[in-house]
>>> print(open('coords.pdb').read())   # PDB, C-alpha atoms
ATOM      1  CA  MET A   1      80.070  95.035  74.408  1.00  0.00           C
ATOM      2  CA  SER A   2      78.304  98.252  73.640  1.00  0.00           C
ATOM      3  CA  ASN A   3      79.703 101.762  73.908  1.00  0.00           C
ATOM      4  CA  TYR A   4      79.615 101.668  77.683  1.00  0.00           C
ATOM      5  CA  LYS A   5      81.462 105.002  78.160  1.00  0.00           C
ATOM      6  CA  ALA A   6      78.279 106.880  77.214  1.00  0.00           C
ATOM      7  CA  LEU A   7      76.459 105.125  80.057  1.00  0.00           C
ATOM      8  CA  LEU A   8      78.965 105.998  82.804  1.00  0.00           C
ATOM      9  CA  SER A   9      77.701 109.542  83.420  1.00  0.00           C
ATOM     10  CA  ASP A  10      74.441 108.092  84.829  1.00  0.00           C
ATOM     11  CA  ILE A  11      76.189 105.858  87.386  1.00  0.00           C
ATOM     12  CA  HIS A  12      76.137 106.815  91.074  1.00  0.00           C
ATOM     13  CA  THR A  13      75.732 103.375  92.645  1.00  0.00           C
ATOM     14  CA  PHE A  14      78.109 100.432  92.394  1.00  0.00           C
ATOM     15  CA  ILE A  15      77.279  96.878  93.375  1.00  0.00           C
ATOM     16  CA  PHE A  16      80.082  94.352  93.580  1.00  0.00           C
ATOM     17  CA  ASP A  17      80.308  90.621  93.993  1.00  0.00           C
ATOM     18  CA  VAL A  18      83.270  89.516  96.138  1.00  0.00           C
ATOM     19  CA  ASP A  19      84.798  86.167  95.141  1.00  0.00           C
ATOM     20  CA  GLY A  20      86.182  86.380  91.614  1.00  0.00           C
ATOM     21  CA  VAL A  21      85.782  90.175  91.498  1.00  0.00           C
ATOM     22  CA  MET A  22      87.357  91.580  94.669  1.00  0.00           C
ATOM     23  CA  THR A  23      89.444  88.394  94.938  1.00  0.00           C
ATOM     24  CA  ASP A  24      91.152  86.157  92.416  1.00  0.00           C
ATOM     25  CA  GLY A  25      88.617  83.437  93.234  1.00  0.00           C
ATOM     26  CA  ILE A  26      91.110  81.302  95.111  1.00  0.00           C
ATOM     27  CA  VAL A  27      90.218  80.270  98.648  1.00  0.00           C
ATOM     28  CA  VAL A  28      93.013  78.989 100.886  1.00  0.00           C
ATOM     29  CA  LEU A  29      91.802  76.528 103.505  1.00  0.00           C
ATOM     30  CA  SER A  30      93.565  76.718 106.855  1.00  0.00           C
ATOM     31  CA  THR A  31      93.929  73.740 109.181  1.00  0.00           C
ATOM     32  CA  GLY A  32      91.509  75.533 111.493  1.00  0.00           C
ATOM     33  CA  GLY A  33      88.834  75.542 108.790  1.00  0.00           C
ATOM     34  CA  ASP A  34      89.132  79.228 107.882  1.00  0.00           C
ATOM     35  CA  MET A  35      88.756  80.160 104.227  1.00  0.00           C
ATOM     36  CA  LEU A  36      91.315  82.859 103.479  1.00  0.00           C
ATOM     37  CA  ARG A  37      91.169  85.279 100.541  1.00  0.00           C
ATOM     38  CA  THR A  38      93.416  88.046  99.271  1.00  0.00           C
ATOM     39  CA  MET A  39      92.196  91.461  98.131  1.00  0.00           C
ATOM     40  CA  ASN A  40      93.969  94.132  96.123  1.00  0.00           C
ATOM     41  CA  VAL A  41      94.968  97.371  97.894  1.00  0.00           C
ATOM     42  CA  LYS A  42      94.385  99.343  94.671  1.00  0.00           C
ATOM     43  CA  ASP A  43      90.762  98.192  94.713  1.00  0.00           C
ATOM     44  CA  GLY A  44      90.612  99.170  98.393  1.00  0.00           C
ATOM     45  CA  TYR A  45      91.961 102.652  97.725  1.00  0.00           C
ATOM     46  CA  ALA A  46      89.448 103.261  94.938  1.00  0.00           C
ATOM     47  CA  LEU A  47      86.558 101.917  97.043  1.00  0.00           C
ATOM     48  CA  GLN A  48      87.270 104.198 100.011  1.00  0.00           C
ATOM     49  CA  LEU A  49      87.775 107.166  97.659  1.00  0.00           C
ATOM     50  CA  ALA A  50      84.438 106.467  95.947  1.00  0.00           C
ATOM     51  CA  VAL A  51      82.716 106.398  99.354  1.00  0.00           C
ATOM     52  CA  LYS A  52      84.364 109.731 100.293  1.00  0.00           C
ATOM     53  CA  LYS A  53      83.283 111.243  96.967  1.00  0.00           C
ATOM     54  CA  GLY A  54      79.643 110.349  97.664  1.00  0.00           C
ATOM     55  CA  TYR A  55      79.163 107.230  95.570  1.00  0.00           C
ATOM     56  CA  ARG A  56      77.076 104.424  96.947  1.00  0.00           C
ATOM     57  CA  ILE A  57      78.926 101.120  97.226  1.00  0.00           C
ATOM     58  CA  ILE A  58      76.985  97.908  97.873  1.00  0.00           C
ATOM     59  CA  ILE A  59      78.405  94.429  98.323  1.00  0.00           C
ATOM     60  CA  ILE A  60      76.258  91.386  97.502  1.00  0.00           C
ATOM     61  CA  SER A  61      78.002  88.046  97.941  1.00  0.00           C
ATOM     62  CA  GLY A  62      77.071  84.437  98.378  1.00  0.00           C
ATOM     63  CA  GLY A  63      80.131  84.011 100.590  1.00  0.00           C
ATOM     64  CA  ASN A  64      80.091  84.625 104.306  1.00  0.00           C
ATOM     65  CA  SER A  65      83.309  85.768 105.943  1.00  0.00           C
ATOM     66  CA  GLU A  66      83.650  88.033 108.948  1.00  0.00           C
ATOM     67  CA  ALA A  67      87.102  89.072 107.694  1.00  0.00           C
ATOM     68  CA  VAL A  68      85.555  90.189 104.394  1.00  0.00           C
ATOM     69  CA  ARG A  69      82.901  92.184 106.276  1.00  0.00           C
ATOM     70  CA  LYS A  70      85.579  93.879 108.406  1.00  0.00           C
ATOM     71  CA  ARG A  71      87.631  94.754 105.335  1.00  0.00           C
ATOM     72  CA  PHE A  72      84.706  96.518 103.695  1.00  0.00           C
ATOM     73  CA  GLN A  73      83.653  98.249 106.894  1.00  0.00           C
ATOM     74  CA  GLY A  74      87.223  99.524 107.232  1.00  0.00           C
ATOM     75  CA  LEU A  75      86.882 101.085 103.777  1.00  0.00           C
ATOM     76  CA  GLY A  76      83.713 102.923 104.835  1.00  0.00           C
ATOM     77  CA  ILE A  77      81.257 100.642 103.035  1.00  0.00           C
ATOM     78  CA  LYS A  78      78.021 100.322 104.992  1.00  0.00           C
ATOM     79  CA  GLU A  79      75.854  98.155 102.735  1.00  0.00           C
ATOM     80  CA  ILE A  80      77.324  94.673 102.953  1.00  0.00           C
ATOM     81  CA  HIS A  81      75.110  91.692 102.139  1.00  0.00           C
ATOM     82  CA  LEU A  82      76.878  88.367 102.741  1.00  0.00           C
ATOM     83  CA  ALA A  83      75.643  84.756 102.597  1.00  0.00           C
ATOM     84  CA  ILE A  84      73.053  85.718  99.989  1.00  0.00           C
ATOM     85  CA  GLY A  85      71.432  82.785  98.230  1.00  0.00           C
ATOM     86  CA  ASN A  86      69.303  84.893  95.878  1.00  0.00           C
ATOM     87  CA  LYS A  87      71.193  88.006  94.778  1.00  0.00           C
ATOM     88  CA  LEU A  88      68.403  89.150  92.469  1.00  0.00           C
ATOM     89  CA  GLU A  89      65.938  89.247  95.360  1.00  0.00           C
ATOM     90  CA  VAL A  90      68.293  91.456  97.403  1.00  0.00           C
ATOM     91  CA  PHE A  91      68.869  93.684  94.367  1.00  0.00           C
ATOM     92  CA  HIS A  92      65.126  94.174  93.834  1.00  0.00           C
ATOM     93  CA  GLN A  93      64.659  94.897  97.538  1.00  0.00           C
ATOM     94  CA  ILE A  94      67.341  97.620  97.372  1.00  0.00           C
ATOM     95  CA  LEU A  95      65.743  99.130  94.253  1.00  0.00           C
ATOM     96  CA  LYS A  96      62.317  99.200  95.869  1.00  0.00           C
ATOM     97  CA  GLU A  97      63.319 100.446  99.329  1.00  0.00           C
ATOM     98  CA  ASP A  98      65.556 103.201  97.985  1.00  0.00           C
ATOM     99  CA  LYS A  99      63.567 104.065  94.855  1.00  0.00           C
ATOM    100  CA  LEU A 100      66.725 103.443  92.861  1.00  0.00           C
ATOM    101  CA  ASP A 101      66.678 103.391  89.064  1.00  0.00           C
ATOM    102  CA  PRO A 102      68.662 100.401  87.699  1.00  0.00           C
ATOM    103  CA  LYS A 103      70.130 102.646  84.954  1.00  0.00           C
ATOM    104  CA  ASN A 104      72.116 104.432  87.698  1.00  0.00           C
ATOM    105  CA  VAL A 105      73.741 101.184  88.840  1.00  0.00           C
ATOM    106  CA  LEU A 106      76.980  99.565  87.724  1.00  0.00           C
ATOM    107  CA  TYR A 107      77.187  95.916  88.777  1.00  0.00           C
ATOM    108  CA  MET A 108      80.429  93.964  88.532  1.00  0.00           C
ATOM    109  CA  GLY A 109      80.163  90.196  88.708  1.00  0.00           C
ATOM    110  CA  ASP A 110      82.072  87.235  87.369  1.00  0.00           C
ATOM    111  CA  ASP A 111      79.886  84.142  87.368  1.00  0.00           C
ATOM    112  CA  LEU A 112      76.394  82.730  86.878  1.00  0.00           C
ATOM    113  CA  PRO A 113      74.900  83.906  90.226  1.00  0.00           C
ATOM    114  CA  ASP A 114      75.450  87.487  88.948  1.00  0.00           C
ATOM    115  CA  TYR A 115      73.801  86.955  85.556  1.00  0.00           C
ATOM    116  CA  GLU A 116      70.215  88.045  86.309  1.00  0.00           C
ATOM    117  CA  ILE A 117      71.190  91.278  88.057  1.00  0.00           C
ATOM    118  CA  MET A 118      73.646  92.139  85.301  1.00  0.00           C
ATOM    119  CA  LYS A 119      70.862  91.947  82.720  1.00  0.00           C
ATOM    120  CA  GLU A 120      68.928  94.663  84.610  1.00  0.00           C
ATOM    121  CA  VAL A 121      71.520  97.334  85.454  1.00  0.00           C
ATOM    122  CA  GLY A 122      72.655 100.401  83.520  1.00  0.00           C
ATOM    123  CA  VAL A 123      76.208  99.090  83.213  1.00  0.00           C
ATOM    124  CA  ALA A 124      77.142  95.433  83.590  1.00  0.00           C
ATOM    125  CA  ALA A 125      80.889  94.949  84.050  1.00  0.00           C
ATOM    126  CA  CYS A 126      83.109  91.957  84.677  1.00  0.00           C
ATOM    127  CA  PRO A 127      86.755  91.046  85.172  1.00  0.00           C
ATOM    128  CA  ALA A 128      88.818  89.659  82.280  1.00  0.00           C
ATOM    129  CA  ASP A 129      88.555  86.120  83.662  1.00  0.00           C
ATOM    130  CA  ALA A 130      84.775  86.062  84.148  1.00  0.00           C
ATOM    131  CA  ALA A 131      82.623  83.188  82.913  1.00  0.00           C
ATOM    132  CA  GLU A 132      81.839  83.357  79.192  1.00  0.00           C
ATOM    133  CA  GLU A 133      78.107  83.800  79.873  1.00  0.00           C
ATOM    134  CA  ILE A 134      78.897  86.875  81.968  1.00  0.00           C
ATOM    135  CA  LYS A 135      81.259  88.333  79.383  1.00  0.00           C
ATOM    136  CA  HIS A 136      78.549  87.896  76.765  1.00  0.00           C
ATOM    137  CA  ILE A 137      76.083  90.203  78.586  1.00  0.00           C
ATOM    138  CA  SER A 138      78.620  92.729  79.920  1.00  0.00           C
ATOM    139  CA  HIS A 139      78.761  96.285  78.649  1.00  0.00           C
ATOM    140  CA  TYR A 140      82.400  96.341  79.762  1.00  0.00           C
ATOM    141  CA  ILE A 141      85.019  93.648  80.317  1.00  0.00           C
ATOM    142  CA  SER A 142      87.932  94.958  82.353  1.00  0.00           C
ATOM    143  CA  PRO A 143      91.374  94.036  81.023  1.00  0.00           C
ATOM    144  CA  LYS A 144      92.186  93.132  84.642  1.00  0.00           C
ATOM    145  CA  PRO A 145      91.256  89.750  86.131  1.00  0.00           C
ATOM    146  CA  GLY A 146      89.401  89.362  89.422  1.00  0.00           C
ATOM    147  CA  GLY A 147      91.432  90.418  92.456  1.00  0.00           C
ATOM    148  CA  LYS A 148      93.915  92.316  90.286  1.00  0.00           C
ATOM    149  CA  ALA A 149      92.412  95.857  90.356  1.00  0.00           C
ATOM    150  CA  CYS A 150      89.392  95.333  88.073  1.00  0.00           C
ATOM    151  CA  VAL A 151      87.297  97.107  90.728  1.00  0.00           C
ATOM    152  CA  ARG A 152      89.597 100.118  90.663  1.00  0.00           C
ATOM    153  CA  ASP A 153      89.371 100.064  86.870  1.00  0.00           C
ATOM    154  CA  VAL A 154      85.595 100.616  86.797  1.00  0.00           C
ATOM    155  CA  LEU A 155      85.521 102.999  89.777  1.00  0.00           C
ATOM    156  CA  GLU A 156      88.273 105.134  88.260  1.00  0.00           C
ATOM    157  CA  GLN A 157      86.522 105.305  84.889  1.00  0.00           C
ATOM    158  CA  VAL A 158      83.246 106.511  86.393  1.00  0.00           C
ATOM    159  CA  MET A 159      84.926 108.994  88.718  1.00  0.00           C
ATOM    160  CA  LYS A 160      86.941 110.392  85.797  1.00  0.00           C
ATOM    161  CA  VAL A 161      83.727 110.924  83.804  1.00  0.00           C
ATOM    162  CA  HIS A 162      82.363 112.864  86.804  1.00  0.00           C
ATOM    163  CA  ASN A 163      85.663 114.742  87.372  1.00  0.00           C
ATOM    164  CA  LYS A 164      85.988 113.227  90.841  1.00  0.00           C
ATOM    165  CA  TRP A 165      88.987 110.936  90.402  1.00  0.00           C
ATOM    166  CA  PHE A 166      92.085 113.061  90.985  1.00  0.00           C
ATOM    167  CA  ASP A 167      92.279 116.517  92.492  1.00  0.00           C
ATOM    168  CA  GLU A 168      95.892 117.597  92.726  1.00  0.00           C
ATOM    169  CA  ASP A 169      94.945 120.518  94.989  1.00  0.00           C
ATOM    170  CA  GLY A 170      93.378 118.078  97.451  1.00  0.00           C
ATOM    171  CA  LEU A 171      96.563 116.110  98.035  1.00  0.00           C
ATOM    172  CA  HIS A 172      98.122 116.449 101.477  1.00  0.00           C
ATOM    173  CA  TRP A 173     101.627 115.106 101.979  1.00  0.00           C
TER
END
>>> encode(input="coords.pdb", output="structure tokens")
Amino acid sequence: MSNYKALLSDIHTFIFDVDGVMTDGIVVLSTGGDMLRTMNVKDGYALQLAVKKGYRIIIISGGNSEAVRKRFQGLGIKEIHLAIGNKLEVFHQILKEDKLDPKNVLYMGDDLPDYEIMKEVGVAACPADAAEEIKHISHYISPKPGGKACVRDVLEQVMKVHNKWFDEDGLHW
């Protein structure tokens, strides 16, 4: 891991994997054939706050769940790419279409399908329980495992660097 804190000021776009990052990687199979996942409300709070503060949030996942799509839409996330077989191809398409510099992107992934993208972004991050190969190339390894607020961890750190995390005057009770 390098001194990733110095890189955070350049970040304005976040790309997240879902299973193993937003979830703990466990899929519960229902008798009806549904694959159920749990997500952390702290991650959800930080995601919707990041959207409100003007950060770009992108989801790229190999999984395909309508419930997952609805969850992210409910948080205000508009760029949701599910059932993706080649994540790197989608990443390059986003870079090209939006003239996005990879140094402005933080990508959080946990397993081998995330490896190639993570080698190209400004900040590669992973949960504490990521695959060893992913930990090896990450600028930052969250102390939190997947599904246990590792997403909030990285969002909060970047927003704090930009002085956008907590505004006591903006609280309405």
>>> residues_around(input="coords.pdb", residues="Ile26 in chain A", least_positions_apart="4", cutoff="12 Å", atoms="only C-alpha atoms", output="PyMOL selection string")
chain A and resi 18-22+35-39+146-147
>>> residues_near_point(input="coords.pdb", point="(69.6, 101.1, 88.9)", cutoff="8 Å", atoms="only C-alpha atoms", output="list in words")
Thr13, Leu95, Leu100, Asp101, Pro102, Lys103, Asn104, Val105, Leu106, Glu120, Val121 and Gly122 of chain A
>>> closest_residue(input="coords.pdb", among="A:Met108, A:Val68, A:Ala6, A:Ile15", to="Phe91 in chain A", atoms="all atoms listed in the file")
A:Ile15
>>> axis_aligned_box(input="coords.pdb", around="range 81-99 of chain A", padding_each_side="3 Å", output="AutoDock Vina command-line options")
--center_x 69.6 --center_y 93.4 --center_z 97.6 --size_x 20.6 --size_y 27.3 --size_z 16.3
>>> closest_residue(input="coords.pdb", among="A:Pro145, A:Gly33, A:Gly44, A:Pro127", to="Leu75 in chain A", atoms="only C-alpha atoms")
A:Gly44
>>> closest_residue(input="coords.pdb", among="A:Lys148, A:Val154, A:Asp17, A:Ser65", to="Leu112 in chain A", atoms="all atoms listed in the file")
A:Asp17
>>> atom_distance(input="coords.pdb", atom1="CA of Val151 in chain A", atom2="CA of Ile11 in chain A")
14.5 Å
>>> atom_distance(input="coords.pdb", atom1="CA of Thr31 in chain A", atom2="CA of Gly85 in chain A")
26.6 Å
>>> atom_distance(input="coords.pdb", atom1="CA of Ala128 in chain A", atom2="CA of Gly109 in chain A")
10.8 Å
>>> residues_around(input="coords.pdb", residues="Arg152 in chain A", least_positions_apart="4", cutoff="9 Å", atoms="all atoms listed in the file", output="PyMOL selection string")
chain A and resi 42-47+148+156-157
>>> closest_residue(input="coords.pdb", among="A:Ile57, A:Val28, A:Leu88, A:Leu7", to="His139 in chain A", atoms="only C-alpha atoms")
A:Leu7
>>> resolve_selection(input="coords.pdb", expression="the PyMOL selection byres ((chain A and resi 60) around 8)", output="list of chain:residue names")
A:Ile15, A:Phe16, A:Asp17, A:Val18, A:Ile58, A:Ile59, A:Ser61, A:Gly62, A:Ile80, A:His81, A:Leu82, A:Ile84, A:Lys87, A:Val90
>>> closest_residue(input="coords.pdb", among="A:Val123, A:Gly63, A:Glu116, A:Ile77", to="Val27 in chain A", atoms="only C-alpha atoms")
A:Gly63
